[in-house]
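Q: Sending over a structure as structure tokens; questions will come in a sec.
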Protein chains: 2
Amino acid sequence: MDLKFLKNLIVPAQTKIVMIIMDGLGGLPLEPGGKTELESAHTPNLDALAFQSALGLTIPVGPGITVESGPGHLAIFGYDPIQYRIGRGMLEAVGIDFELRPNDVAARGNYCTVDATGVVTDRRAGRIPTEISQELSKLLTAQIEDAEFIIKTVKEHRLAIIIRGTGLSTGLTASDPLKNGLPPLPVCALNQESEKAARLMNLFIDRARKVLATQKQKPVANMILVRGFDNYPNLPSFQQVFGLRAAAIAVNPTYRGIAKVVGMQVLPVDGDMLEDEFSTLEKNWNDFDFFYLHVKNTDLAGEDGDFSRKVSIIEEVDNLIPHLTSLKPDVIIVSGDHSTPSVLKGHSWHPVPTLVYGKYVRADGIAEFGESACRHGSLGILPAKDIMPIALANAGRVIKWSG
Amino acid sequence: MDLKFLKNLIVPAQTKIVMIIMDGLGGLPLEPGGKTELESAHTPNLDALAFQSALGLTIPVGPGITVESGPGHLAIFGYDPIQYRIGRGMLEAVGIDFELRPNDVAARGNYCTVDATGVVTDRRAGRIPTEISQELSKLLTAQIEDAEFIIKTVKEHRLAIIIRGTGLSTGLTASDPLKNGLPPLPVCALNQESEKAARLMNLFIDRARKVLATQKQKPVANMILVRGFDNYPNLPSFQQVFGLRAAAIAVNPTYRGIAKVVGMQVLPVDGDMLEDEFSTLEKNWNDFDFFYLHVKNTDLAGEDGDFSRKVSIIEEVDNLIPHLTSLKPDVIIVSGDHSTPSVLKGHSWHPVPTLVYGKYVRADGIAEFGESACRHGSLGILPAKDIMPIALANAGRVIKWSG
């Protein structure tokens with residue numbers, strides 16, 4: 001569905017849509033023939049919701065393609081992630097409320113550890129404490145030639161790296177090899193315009209390595225990895241294309257960032273617990289048409305390979321569902337931005353279990369929310385970007401098309 | 001999925017993928033409510049494999065579209081068959097190791113029989129013996145004006161026709177009416193550039209008819225039919241787009257040809273039995289990342305309308321599956337290039353039963369490989385070209401996309 005096509009059919013309505021995104025929701029069983037994390041979890045509230053919902057499996061970008069959170073979220077937000085790009089670096093910078101300027105180049109950085117031969121031993125430097133990360137980031141911030149390298153700790157090992165200067169462009173390859181056991185790569189220019197940025201970035205990385213080597217008292221990280229070079233994208237907003245006053249409820253900076261990029265108002269959350277997110281939803285219920293509520297820990301548990309922790313977090317979400325349903329939203333979407341099976345300890349390509357609840361949904365009558373159940377649902381196996389038009393229709397916000 | 005998009009995400013891995021293509025695999029029941037050929041076959045090994053696989057139904061080109069082997073194979077090989085074209089004539093010529101030159105025009109030919117009124121009575125001239133076919137082909141090879149007409153028997157009634165000369169182009173219609181009971185059509189130019197080729201082709205066909213009429217001692221074929229005019233395509237290879245060292249195991253020249261066109265190494269098969277193909281797989285196991293193994297007889301039985309023979313051939317394949325599984329491939333694909341239901345005695349548009357087995361597949365737990373079973377699988381009903389990215393992902397050969 002082209003957003004321009006949809007935009008012309010959007011009408012106002014007094015309805016509310018809530019989208020719960022459990023990050024990395026989709027999973028795999030521990031043993032062939034077993035249950036996934038979601039299927040193992042005791043989820044009476046989600047199961048009851050599923051019974052009154054249309055179920056399906058969403059594909060974020062394409063069959064077999066594993067995505068990062070950026071394109072995964074753009075897709076479930078209704079944007080074709082191939083057409084609308086959003087760099088990881090940009091997301092990190094926006095997520096920490098850094099005021100990017102139009103010509104800034106932003107990148108995602110990681111503190112990591114390398115061995116004596118330069119091979120990456122831990123891409124996340126043991127998820128070093130945020131306070132130590134912040135101290136190191138101050139040391140790394142530097143001027144190189146006429147460019148300013150601004151290094152900001154997002155959380156733990158995660159960095160936003162902003163390069164501000166003249167003649168800089170974003171066509172750069174990553175230094176992050178994306179797997180432990182491999183050495184960092186040199187940053188390369190993908191075109192002539194980005195040659196200066198590539199050269200400075202490599203100088204910066206070399207300097208960072210030397211600076212980190214001097215920090216003997218904090219030997220937790222001795223190298224940085226960079227990827228996802230980008231500058232500020234110009235996406236049509238939720239208000240523009242869907243006619244929605246949209247609010248985002250997310251604790252984690254990346255997701256606050258992506259919500260901001262699509263024009264959502266990012267709500268302050270008092271605390272960093274799941275309950276705090278649901279309280280924020282209740283508190284702001286009257287002021288918005290659309291709420292995006294993000295659950296990060298499902299993905300973290302999956303990435304750590306902790307099947308039972310992922311199960312627990314899903315059960316925690318299930319416990320809070322009555323807070324949501326008591327608000328009587330017209331449409332509820334429960335989905336993920338991608339799969340993160342514990343057995344793979346990382347994001348994966350597997351389609352994501354998804355439910356769309358609403359008064360006018362053609363409900364499948366399947367009283368279970370899980371991968372197998374969703375496979376039998378009436379939404380079928382569909383591109384994630386198709387969920388928003390379906391939700392809007394169910395919310396009475398799309399008029400008839402006359403051709 | 002655009003191949004260029006996928007190509008940028010491909011990484012090397014020590015994994016092996018095997019793709020078994022049973023030509024014309026999909027079928028139809030003899031009676032409404034009955035079982036198809038595949039469902040009727042006793043296939044304990046394929047059923048056991050299905051249990052650990054994701055199942056689906058693949059659509060080669062589009063809903064309702066029946067394909068020949070060329071586009072059917074391109075699709076299951078991951079190439080969009082609308083974007084990447086490969087003519088039947090080209091395939092035949094390449095399949096017999098004929099060294100095509102860039103400006104050659106190649107066509108698929110058939111020896112056929114026509115009655116006294118010129119109507120085609122058998123499009124395959126009773127599948128005349130290859131030796132007789134070869135003798136006739138020598139007689140048909142000729143110079144017409146400044147063009148050389150090179151006629152090569154592929155097998156039985158099947159011919160590769162190569163036209164070599166100046167000012168020739170491939171925009172030509174077929175003379176083959178594709179059904180018995182109709183007269184051959186004149187070859188027509190689809191554009192100005194191909195007018196010379198059309199005129200010479202009609203002269204050649206007329207000459208062929210006269211030459212064949214003189215062969216009273218071999219009255220097995222008295223006419224030829226031509227179709228599939230094309231020249232050598234320039235497809236990106238399996239190595240280029242998927243990073244795979246790919247090998248093809250096929251007895252039939254057409255399939256050896258198409259494999260060669262996508263850059264596979266075509267392995268010599270010692271014998272022409274199915275067991276010989278599986279032995280070739282075992283013998284070459286260490287030298288390639290990807291194996292394509294082609295089973296022709298399923299299609300031939302379907303085309304002959306022989307339901308029970310098609311069932312037997314599927315059972316024969318099933319018997320050999322343990323030879324495959326004992327090699328412990330990381331990913332196995334079992335599918336077809338199109339359907340050939342015996343009741344239709346020809347190729348059809350019906351989606352093709354497909355399984356993708358692998359350690360990280362989200363298995364459907366359906367212990368049956370058949371059309372109905374595949375309809376309930378988690379791959380859904382999907383374009384055939386989507387199978388390769390899914391197989392590559394399951395083989396750990398696709399990295400995460402960051403947007």
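Identifiers for the structure tokens are assigned positionally: chains receive A, B, ... in sequence, residues are indexed from 1 per chain, and ligands are indexed from 1 in the order shown.
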Find the residues around Asp289 of chain B up to 8 Å (only C-alpha atoms counted), leave out those fewer than 3 positions away in its own chain, and share them as a list of chain:residue names.

A: B:Gln14, B:Thr15, B:Lys16, B:Ile17, B:Leu244, B:Arg245, B:Ala246

Q: Take the residues from that selection and put them in a file with C-alpha atoms, as a PDB file, in the first residue's frame.

A:
```
ATOM      1  CA  GLN B  14      30.301 -23.365   6.110  1.00  0.00           C
ATOM      2  CA  THR B  15      26.820 -24.608   5.353  1.00  0.00           C
ATOM      3  CA  LYS B  16      25.322 -26.710   2.613  1.00  0.00           C
ATOM      4  CA  ILE B  17      21.973 -26.340   0.887  1.00  0.00           C
ATOM      5  CA  LEU B 244      27.321 -20.012  -3.397  1.00  0.00           C
ATOM      6  CA  ARG B 245      29.543 -22.521  -5.113  1.00  0.00           C
ATOM      7  CA  ALA B 246      26.676 -24.270  -6.803  1.00  0.00           C
TER       8      ALA B 246
END
```

Q: Hey, could you make a per-residue contact list for chain B against chain A with 6 Å as the cut-off, showing the nearest pair of atoms and its distance in Å to one decimal, counting only C-alpha atoms, sorted by chain and number, as a tab-separated table?

A:
```
residue	atom	partner	partner_atom	distance
B:Ser378	CA	A:Arg375	CA	5.8
B:Pro389	CA	A:Gly64	CA	4.9
B:Ile390	CA	A:Gly64	CA	4.0
B:Ala393	CA	A:Gly64	CA	5.1
B:Lys400	CA	A:Thr66	CA	4.7
B:Trp401	CA	A:Val67	CA	4.7
B:Ser402	CA	A:Glu68	CA	4.9
B:Gly403	CA	A:Pro71	CA	5.4
```

Q: Between atom CA of Ile313 of chain B and atom CA of Glu39 of chain B, what is the distance in Å, rounded to a tenth?

A: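 Interatomic distance, atom CA of Ile313 of chain B to atom CA of Glu39 of chain B: 12.8 Å.
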
Q: Residues at most 9 Å from segment 316-333 of chain A, counting only C-alpha atoms, excluding those fewer than 6 positions away in the same chain, as a PyMOL selection string?

A: chain A and resi 15-22+42-46+49+53+274-275+278-279+281-282+285+295+354-359+361+387+391-392+394-395

Q: Using the selection just defined, write its residues with N, CA and C atoms as an mmCIF file, in the first residue's frame.

A:
```
data_model
loop_
_atom_site.group_PDB
_atom_site.id
_atom_site.type_symbol
_atom_site.label_atom_id
_atom_site.label_comp_id
_atom_site.auth_asym_id
_atom_site.auth_seq_id
_atom_site.Cartn_x
_atom_site.Cartn_y
_atom_site.Cartn_z
ATOM 1 N N THR A 15 -11.827 7.527 17.507
ATOM 2 C CA THR A 15 -11.438 6.167 17.889
ATOM 3 C C THR A 15 -9.980 6.148 18.328
ATOM 4 N N LYS A 16 -9.668 5.153 19.099
ATOM 5 C CA LYS A 16 -8.296 5.042 19.607
ATOM 6 C C LYS A 16 -7.681 3.689 19.257
ATOM 7 N N ILE A 17 -6.438 3.765 18.835
ATOM 8 C CA ILE A 17 -5.676 2.564 18.450
ATOM 9 C C ILE A 17 -4.478 2.437 19.395
ATOM 10 N N VAL A 18 -4.250 1.239 19.897
ATOM 11 C CA VAL A 18 -3.045 1.002 20.713
ATOM 12 C C VAL A 18 -2.219 -0.103 20.054
ATOM 13 N N MET A 19 -0.948 0.176 19.889
ATOM 14 C CA MET A 19 -0.023 -0.807 19.315
ATOM 15 C C MET A 19 1.017 -1.188 20.368
ATOM 16 N N ILE A 20 0.955 -2.443 20.795
ATOM 17 C CA ILE A 20 1.948 -2.944 21.756
ATOM 18 C C ILE A 20 3.018 -3.683 20.951
ATOM 19 N N ILE A 21 4.231 -3.194 21.001
ATOM 20 C CA ILE A 21 5.324 -3.878 20.297
ATOM 21 C C ILE A 21 6.240 -4.535 21.332
ATOM 22 N N MET A 22 6.205 -5.863 21.324
ATOM 23 C CA MET A 22 7.180 -6.591 22.141
ATOM 24 C C MET A 22 8.383 -6.841 21.241
ATOM 25 N N HIS A 42 2.493 -18.428 29.858
ATOM 26 C CA HIS A 42 1.103 -18.513 30.307
ATOM 27 C C HIS A 42 0.485 -17.123 30.101
ATOM 28 N N THR A 43 -0.343 -16.990 29.092
ATOM 29 C CA THR A 43 -0.835 -15.665 28.698
ATOM 30 C C THR A 43 -2.358 -15.647 28.569
ATOM 31 N N PRO A 44 -3.064 -15.822 29.692
ATOM 32 C CA PRO A 44 -4.535 -15.877 29.592
ATOM 33 C C PRO A 44 -5.150 -14.612 28.987
ATOM 34 N N ASN A 45 -4.559 -13.458 29.264
ATOM 35 C CA ASN A 45 -5.156 -12.213 28.774
ATOM 36 C C ASN A 45 -4.920 -12.020 27.283
ATOM 37 N N LEU A 46 -3.715 -12.318 26.837
ATOM 38 C CA LEU A 46 -3.433 -12.228 25.394
ATOM 39 C C LEU A 46 -4.230 -13.285 24.635
ATOM 40 N N LEU A 49 -7.682 -12.061 24.232
ATOM 41 C CA LEU A 49 -7.686 -11.005 23.214
ATOM 42 C C LEU A 49 -7.592 -11.633 21.820
ATOM 43 N N SER A 53 -9.703 -11.569 17.935
ATOM 44 C CA SER A 53 -8.826 -10.849 17.003
ATOM 45 C C SER A 53 -8.647 -11.595 15.695
ATOM 46 N N LEU A 274 7.818 -1.848 33.256
ATOM 47 C CA LEU A 274 6.710 -2.056 32.339
ATOM 48 C C LEU A 274 5.423 -1.421 32.879
ATOM 49 N N GLU A 275 5.210 -1.534 34.192
ATOM 50 C CA GLU A 275 4.026 -0.931 34.809
ATOM 51 C C GLU A 275 4.011 0.575 34.565
ATOM 52 N N PHE A 278 2.612 1.318 31.214
ATOM 53 C CA PHE A 278 1.144 1.184 31.177
ATOM 54 C C PHE A 278 0.466 2.311 31.956
ATOM 55 N N SER A 279 1.092 2.791 33.045
ATOM 56 C CA SER A 279 0.539 3.939 33.770
ATOM 57 C C SER A 279 0.555 5.177 32.884
ATOM 58 N N LEU A 281 0.318 5.234 29.719
ATOM 59 C CA LEU A 281 -0.782 5.057 28.773
ATOM 60 C C LEU A 281 -2.095 5.528 29.395
ATOM 61 N N GLU A 282 -2.357 5.069 30.612
ATOM 62 C CA GLU A 282 -3.605 5.450 31.297
ATOM 63 C C GLU A 282 -3.679 6.961 31.506
ATOM 64 N N TRP A 285 -4.417 8.913 28.258
ATOM 65 C CA TRP A 285 -5.425 8.262 27.418
ATOM 66 C C TRP A 285 -6.287 9.254 26.622
ATOM 67 N N VAL A 295 8.001 -2.668 24.406
ATOM 68 C CA VAL A 295 8.555 -3.558 25.436
ATOM 69 C C VAL A 295 9.922 -4.030 24.952
ATOM 70 N N THR A 354 1.260 -11.751 15.281
ATOM 71 C CA THR A 354 0.583 -10.454 15.295
ATOM 72 C C THR A 354 -0.916 -10.658 15.479
ATOM 73 N N LEU A 355 -1.507 -9.821 16.337
ATOM 74 C CA LEU A 355 -2.967 -9.831 16.441
ATOM 75 C C LEU A 355 -3.502 -8.434 16.230
ATOM 76 N N VAL A 356 -4.662 -8.359 15.585
ATOM 77 C CA VAL A 356 -5.391 -7.100 15.458
ATOM 78 C C VAL A 356 -6.783 -7.336 16.041
ATOM 79 N N TYR A 357 -7.032 -6.652 17.153
ATOM 80 C CA TYR A 357 -8.311 -6.759 17.849
ATOM 81 C C TYR A 357 -9.156 -5.541 17.542
ATOM 82 N N GLY A 358 -10.449 -5.725 17.420
ATOM 83 C CA GLY A 358 -11.361 -4.599 17.245
ATOM 84 C C GLY A 358 -12.774 -5.118 17.082
ATOM 85 N N LYS A 359 -13.721 -4.231 17.275
ATOM 86 C CA LYS A 359 -15.146 -4.572 17.217
ATOM 87 C C LYS A 359 -15.523 -5.135 15.847
ATOM 88 N N VAL A 361 -13.328 -6.427 13.538
ATOM 89 C CA VAL A 361 -12.380 -7.411 13.015
ATOM 90 C C VAL A 361 -13.151 -8.696 12.727
ATOM 91 N N ILE A 387 -0.197 -3.822 8.310
ATOM 92 C CA ILE A 387 -0.965 -3.835 9.560
ATOM 93 C C ILE A 387 -1.624 -2.477 9.836
ATOM 94 N N ALA A 391 -5.502 -1.709 10.715
ATOM 95 C CA ALA A 391 -5.884 -1.128 12.005
ATOM 96 C C ALA A 391 -6.719 0.136 11.806
ATOM 97 N N LEU A 392 -6.294 0.979 10.877
ATOM 98 C CA LEU A 392 -7.017 2.226 10.606
ATOM 99 C C LEU A 392 -8.429 1.938 10.110
ATOM 100 N N ASN A 394 -10.231 -0.694 10.731
ATOM 101 C CA ASN A 394 -11.005 -1.182 11.871
ATOM 102 C C ASN A 394 -11.348 -0.067 12.854
ATOM 103 N N ALA A 395 -10.602 1.020 12.789
ATOM 104 C CA ALA A 395 -10.875 2.164 13.654
ATOM 105 C C ALA A 395 -11.785 3.176 12.954
#
```

Q: I need the residue nearest Pro60 of chain A from this list: A:Gln239, A:Phe229, A:Ile76, A:Thr153. Use only C-alpha atoms for the distance.

A: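 Using only C-alpha atoms, Pro60 of chain A sits closest to A:Ile76.
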
Q: May I ask which of the residues B:Leu9, B:Cys112, B:Ile366, B:Val120 is the closest one to Ala48 of chain B, counting only C-alpha atoms?

A: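 Among B:Leu9, B:Cys112, B:Ile366, B:Val120, it is B:Ile366 that comes nearest to Ala48 of chain B.
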
Q: Could you go through segment 135-360 of chain B and tell me which residues DSSP, when run on the backbone, assigns to helix (DSSP H, G or I), listing them as JSON, numbers by chain?

A: {"B": [135, 136, 137, 138, 139, 140, 192, 193, 194, 195, 196, 197, 198, 199, 200, 201, 202, 203, 204, 205, 206, 207, 208, 209, 210, 211, 212, 213, 238, 239, 240, 241, 242, 253, 254, 255, 256, 257, 258, 259, 260, 261, 274, 275, 276, 277, 278, 279, 280, 281, 282, 283, 285, 286, 287, 297, 298, 299, 300, 301, 302, 303, 307, 308, 309, 310, 311, 312, 313, 314, 315, 316, 317, 318, 319, 320, 321, 322, 323, 324, 325, 342, 343, 344]}

Q: So that I can check the surroundings of Thr113 of chain B, please list as a list in words every protein, DNA and RNA residue that reaches within 6 Å of it, counting only C-alpha atoms and ignoring chain neighbours fewer than 3 positions away.

A: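 Returned residues: Val120, Thr121, Asp122, Ala125, Ala221, Asn222 and Met223 of chain B.
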
Q: Work out how far apart atom CA of Gly271 of chain A and atom CA of Thr254 of chain A are and give it in Å to one decimal.

A: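 Separation of atom CA of Gly271 of chain A and atom CA of Thr254 of chain A: 16.9 Å.
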
Q: Could you name the residues that touch segment 127-143 of chain A at 9 Å or less, counting only C-alpha atoms, but leaving out those on the same chain fewer than 4 positions away, as a PyMOL selection string?

A: chain A and resi 111-112+123+147-159+161+204+207-208+211-212+215+218+220-221

Q: Residues at most 10 Å from Thr280 of chain A, counting only C-alpha atoms, excluding those fewer than 6 positions away in the same chain, as a PyMOL selection string?

A: chain A and resi 248-250+267-271+274+293

Q: Taking only C-alpha atoms into account, which of A:Gly336, A:Pro177, A:Gly370, A:Gly305 comes nearest Tyr292 of chain A?

A: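 Looking at the shortest contact to Tyr292 of chain A, the residue is A:Gly336.
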
Q: Could you check how far atom CA of Leu379 of chain B sits from atom CA of Ala54 of chain B, in Å to one decimal?

A: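 That distance, rounded to one decimal, is 6.1 Å.
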
Q: Go through B:Gln192, B:Thr340, B:Asn8, B:Gln265 and flag the residue nearest Val398 of chain B, using only C-alpha atoms for the distances.

A: B:Asn8

Q: What's the 12 Å shell around Asp146 of chain A, counting only C-alpha atoms, without same-chain residues fewer than 2 positions away, as a ChimeraX atom specification?

A: /A:142-144,148-149,163-168,196-197,200

Q: Using only N, CA and C atoms, please write the residues we just selected to a file, as a CSV table (one decimal), in the first residue's frame.

A:
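Contents of part-v3.csv, as written:
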```csv
chain,number,residue,atom,x,y,z
A,142,ALA,N,36.2,14.6,20.3
A,142,ALA,CA,37.4,15.3,19.8
A,142,ALA,C,37.2,16.1,18.5
A,143,GLN,N,38.1,17.0,18.2
A,143,GLN,CA,38.2,17.7,16.9
A,143,GLN,C,39.2,17.0,16.1
A,144,ILE,N,38.8,16.6,14.8
A,144,ILE,CA,39.8,16.0,13.9
A,144,ILE,C,39.7,16.8,12.6
A,148,GLU,N,34.1,18.0,14.0
A,148,GLU,CA,33.9,17.7,15.4
A,148,GLU,C,33.3,16.3,15.6
A,149,PHE,N,33.9,15.5,16.4
A,149,PHE,CA,33.4,14.2,16.7
A,149,PHE,C,32.7,14.2,18.1
A,163,ILE,N,29.2,13.3,13.7
A,163,ILE,CA,30.3,14.1,13.0
A,163,ILE,C,29.7,15.3,12.4
A,164,ARG,N,30.3,16.5,12.8
A,164,ARG,CA,29.8,17.8,12.4
A,164,ARG,C,30.9,18.5,11.7
A,165,GLY,N,30.8,18.8,10.4
A,165,GLY,CA,31.8,19.5,9.7
A,165,GLY,C,31.4,19.8,8.3
A,166,THR,N,32.3,20.1,7.5
A,166,THR,CA,32.0,20.4,6.1
A,166,THR,C,32.4,19.3,5.2
A,167,GLY,N,31.7,19.1,4.1
A,167,GLY,CA,32.1,18.1,3.1
A,167,GLY,C,32.0,16.7,3.5
A,168,LEU,N,31.1,16.5,4.5
A,168,LEU,CA,30.9,15.1,5.0
A,168,LEU,C,29.7,14.5,4.4
A,196,LYS,N,36.0,12.0,2.4
A,196,LYS,CA,36.6,12.7,3.5
A,196,LYS,C,36.0,12.1,4.9
A,197,ALA,N,34.7,11.9,4.9
A,197,ALA,CA,34.1,11.3,6.1
A,197,ALA,C,34.8,10.0,6.5
A,200,LEU,N,38.4,10.6,7.9
A,200,LEU,CA,38.3,11.2,9.3
A,200,LEU,C,37.8,10.1,10.3
```
